[in-house]
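These notes concern the structure reproduced below.
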Amino acid sequence: MTDYKKHISSLVIQALLECGAAAEEQAVFNAVVPAADDGFGDYAMPCFFLAKAMRTSPAVIAQRLAEKITPDGVMERAQAVNGYLNFFINRKKFIYETLAEVETLGEKYGDSDIGKGKTIVIDYSSVNICKSFHIGHLSTTAIGSSLYKIYKALGYDVVGVNHLGDYGTQFGKMIVAFKLWGDRQRVEKEGVAELQRLYVKFHQEEAENPSLTEEARKWFVKIEQGDAEATRLFEFFKQITLAEVKRIYERLDVHFDSWNGESFYNDKMQEPLRMLQEKGLVTESQGAKVVDLSDYGMPPCLLVKSDGSSLYATRDIAAAIWRKQNYDFYKCLYVVAYQQNLHFRQVFKVLELAGLPWAKDLVHVAYGMVSLEEGSMSTRKGNVVLLKDVLDKAVEKAQDIITAKNPLLENKAQVAEQVGVGAVLFSALENSKIKDITFTFDRVLNFDGETAPYLQYTHARCRSIAEKAGMSQYVKIAHDPEALNNPETLRLCKLIASFPQAVKDAGEKYEPSIISGLLIDVAQAFNKFYMERRVISDNLSEQNARLRAVNAARTVLKKGLSLLGIQAPDKM
Ligand code: ARG
């Protein structure tokens with residue numbers, strides 16, 4: 001595929017030479033940008049950056065350059081407008097090349113090998129044992145999983161880590177509660193909800209019976225020492241929790257390569273602690289060991305409590321070192337809510353102060369909160385909204401909509417699952433991550449809004465158009481290029497052509513919303529194209545030409561959705 005931007009900048013550089021002006025190639029390349037409006041051209045270059053060196057006004061520069069630039073088969077016209085140069089590319093060629101590129105690459109369109117030989121570790125979802133999988137874990141799961149798929153497409157080796165919250169005094173409490181009031185069968189049947197109930201009961205009873213606190217502490221120590229009964233019970237709780245979250249991961253198509261959580265580092269903190277001590281970073285403060293960070297405007301990072309136990313930060317420090325040793329990562333990302341900003345700033349700073357050069361490769365990918373509109377869901381127990389309940393409700397509503405729109409659809413239940421789950425995932429991926437979002441079921445499921453169902457519906461529509469045309473397979477067929485020579489197809493192709501760069505940008509900026517935003521634009525451009533341009537027609541060569549645009553839109557929608565972790569059913 002021709003690199004139009006590069007071609008145009010080389011024409012500009014040539015013209016500059018002819019005007020007797022020198023310009024830095026990179027600066028020119030950067031200055032050539034896609035035009036804001038197709039009516040004014042396809043690329044534009046503001047000439048302000050040349051004014052100083054050429055000692056004249058941008059308007060004059062634009063005029064002079066326009067006269068010197070010789071159009072060719074790639075760039076057909078250069079026009080000076082005020083201080084800008086506008087370029088019109090050979091649009092027929094561009095459209096043809098774009099469609100051909102998508103046809104050649106198919107599902108691989110957007111893939112690249114920029115990540116070859118590099119490993120990215122992504123710490124995401126990272127649920128807590130004995131705690132329910134609630135809506136607060138949606139963003140980390142959706143964003144982390146999408147980044148996982150994006151980096152794979154970019155050729156990186158990716159290691160997905162579920163850094164389980166499986167360490168802490170609360171597990172001592174859990175054991176006491178279970179031994180006093182728990183019932184194995186009931187826990188097996190009710191799962192995490194029952195564990196939570198026991199935990200709440202412990203706190204209620206503890207208020208009246210302080211000896212429970214001491215009892216819990218003893219059990220916690222037993223877990224740490226590897227006592228057989230304590231370990232067996234803890235493993236039981238862990239297995240109950242994981243069985244439940246794995247069912248959700250399956251629905252969401254989310255994968256992990258490692259489940260090493262906090263407890264995995266029980267025996268891996270000594271070495272890092274010694275290293276920090278040797279480097280003179282550790283100071284004592286009221287019996288605790290800390291790293292003073294006052295020079296960096298942060299409270300001290302607590303490493304060892306006065307009773308000798310370690311902390312969340314200690315484990316993260318050990319985990320980062322272990323990951324570097326074992327994966328030799330190029331980057332290690334932590335997809336965690338912004339509430340933990342300070343924690344990660346502290347951990348990263350300690351590692352940096354320890355002189356570890358790779359500390360700069362640790363990235364906290366922070367995101368905002370997702371919440372539901374008040375009253376949109378009854379919370380069964382307490383006020384946590386379970387992710388499972390949200391998914392179930394979305395699927396149920398999707399099923400109603402599908403039944404109303406397309407009563408005869410086969411495997412309606414499966415499609416409803418894909419649409420409902422997709423809608424929920426998309427709600428966490430549609431905005432730039434740092435925004436807090438409130439979602440309502442009606443909005444995320446709106447088939448005409450900027451939603452996953454809208455994208456899925458547009459994708460299915462592309463399919464059905466092709467089917468109507470009697471083609472089960474798209475092939476390179478005789479077609480009339482004039483049928484593609486119109487503003488709607490141009491717009492659509494420009495968006496399609498920008499997809500590979502959007503995938504790279506999404507990876508670079510840890511921002512799946514760059515892809516979701518582009519997909520909405522593609523779907524809207526496609527629907528406009530479909531409204532304005534007849535696809536199915538008696539003129540076969542016109543029909544074939546337009547079917548190629550339909551096919552390209554479909555390919556990009558499917559691929560883009562897959563990078564967001566969202567399925568694209570063929571029929572809806
Ligand atoms: N389990 C923690 C939570 O739910 C998130 C852990 C994030 N990962 C990490 N390495 N600290 O808040």
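Residue numbering restarts at 1 in every chain; chains get A, B, ... in the order shown in the structure tokens, and ligands count up from 1 in that same order.
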
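Every protein or nucleic acid residue with an atom no more than 7 Å from Leu164 in chain A, counting only C-alpha atoms and leaving out same-chain residues fewer than 2 positions away, appears here: Ser126, Val127, Asn128, Ile129, Asn162, Asp166, Trp259, Asn260, Gly261 and Glu262 of chain A.
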
Could those residues be written to a file, using C-alpha atoms, as a tab-separated table (two decimals), in the first residue's frame?
```tsv
chain	number	residue	atom	x	y	z
A	126	SER	CA	-6.43	-9.56	40.01
A	127	VAL	CA	-9.42	-10.62	42.07
A	128	ASN	CA	-9.50	-11.21	45.78
A	129	ILE	CA	-10.07	-14.64	47.26
A	162	ASN	CA	-3.98	-12.52	37.74
A	166	ASP	CA	-4.84	-14.30	48.49
A	259	TRP	CA	-2.28	-16.96	38.66
A	260	ASN	CA	0.60	-16.09	40.95
A	261	GLY	CA	-0.97	-13.88	43.55
A	262	GLU	CA	0.20	-12.16	46.68
```

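With a cut-off of 8 Å and using only C-alpha atoms and all ligand atoms, the polymer residues contacting ligand 1 are Asp123, Tyr124, Ser125, Ser126, Val127, Asn128, His137, Asn162, His163, Leu164, Gly165, Glu262, Tyr312, Ala313, Asp316, Ala319, Tyr334, Val335, Val336, Ala337, Gln340 and Phe344 of chain A.
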
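Around Phe29 in chain A, within 12 Å and counting only C-alpha atoms, the residues found are Asp3, Tyr4, Lys5, Lys6, His7, Ile8, Ser9, Ser10, Leu11, Val12, Ile13, Ala23, Tyr43, Ala44, Met45 and Pro46 of chain A, once anything fewer than 6 positions away on its own chain is removed.
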
Output the selection as a compact mmCIF listing (two decimals), in the first residue's frame - N, CA and C atoms for each residue.
```
# COMPACT_ATOMS: atom_id res chain seq x y z
N ASP A 3 2.43 4.72 0.75
CA ASP A 3 2.44 5.58 1.93
C ASP A 3 2.24 7.01 1.45
N TYR A 4 0.99 7.47 1.49
CA TYR A 4 0.66 8.77 0.90
C TYR A 4 1.32 9.93 1.64
N LYS A 5 1.36 9.80 2.93
CA LYS A 5 1.96 10.86 3.74
C LYS A 5 3.45 11.02 3.39
N LYS A 6 4.10 9.89 3.27
CA LYS A 6 5.52 9.92 2.95
C LYS A 6 5.75 10.50 1.55
N HIS A 7 4.92 10.03 0.64
CA HIS A 7 5.04 10.49 -0.74
C HIS A 7 4.86 12.01 -0.80
N ILE A 8 3.84 12.51 -0.13
CA ILE A 8 3.57 13.95 -0.14
C ILE A 8 4.73 14.72 0.50
N SER A 9 5.23 14.21 1.64
CA SER A 9 6.33 14.96 2.25
C SER A 9 7.56 14.98 1.36
N SER A 10 7.78 13.91 0.61
CA SER A 10 8.96 13.96 -0.27
C SER A 10 8.76 14.96 -1.41
N LEU A 11 7.52 15.11 -1.87
CA LEU A 11 7.25 16.14 -2.89
C LEU A 11 7.49 17.54 -2.33
N VAL A 12 7.10 17.71 -1.06
CA VAL A 12 7.29 19.02 -0.42
C VAL A 12 8.78 19.33 -0.29
N ILE A 13 9.53 18.33 0.14
CA ILE A 13 10.97 18.53 0.34
C ILE A 13 11.65 18.91 -0.98
N ALA A 23 14.81 22.16 4.55
CA ALA A 23 13.90 21.83 5.65
C ALA A 23 14.23 20.45 6.14
N TYR A 43 -4.80 15.49 2.52
CA TYR A 43 -3.77 15.83 3.49
C TYR A 43 -3.59 17.34 3.46
N ALA A 44 -3.07 17.86 4.56
CA ALA A 44 -2.81 19.29 4.60
C ALA A 44 -1.50 19.53 5.31
N MET A 45 -0.86 20.64 4.96
CA MET A 45 0.36 21.01 5.68
C MET A 45 0.30 22.50 6.00
N PRO A 46 0.24 22.84 7.29
CA PRO A 46 0.31 24.26 7.64
C PRO A 46 1.76 24.72 7.42
```

Considering only C-alpha atoms, return as a PyMOL selection string whatever protein or nucleic-acid residues lie within 12 Å of Lys388 in chain A, sequence-local ones (same chain, fewer than 6 positions apart) excluded. chain A and resi 132-138+244-252+379+394-395+420-421+424

Considering only C-alpha atoms, state which residue in the set A:His364, A:Lys494, A:Arg461, A:Lys179 is at the smallest distance from Leu233 in chain A.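 The closest residue to Leu233 in chain A is A:Lys179.
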
Using DSSP on the backbone coordinates, identify the residues of range 178-356 of chain A assigned to alpha helix (DSSP H); present them as JSON, numbers by chain. {"A": [178, 179, 180, 181, 184, 185, 186, 187, 188, 189, 190, 192, 193, 194, 195, 196, 197, 198, 199, 200, 201, 202, 203, 204, 205, 206, 207, 208, 211, 212, 213, 214, 215, 216, 217, 218, 219, 220, 221, 222, 223, 224, 225, 228, 229, 230, 231, 232, 233, 234, 235, 236, 237, 238, 239, 240, 241, 242, 243, 244, 245, 246, 247, 248, 249, 250, 251, 252, 270, 271, 272, 273, 274, 275, 276, 277, 278, 312, 313, 314, 315, 316, 317, 318, 319, 320, 321, 322, 323, 324, 325, 326, 327, 341, 342, 343, 344, 345, 346, 347, 348, 349, 350, 351, 352, 353]}

Of the listed residues A:Ala288, A:Ala552, A:Ile95, A:Met75, that which approaches Asn486 in chain A most closely, counting only C-alpha atoms: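 With only C-alpha atoms as the atom set, the closest residue is A:Ile95.
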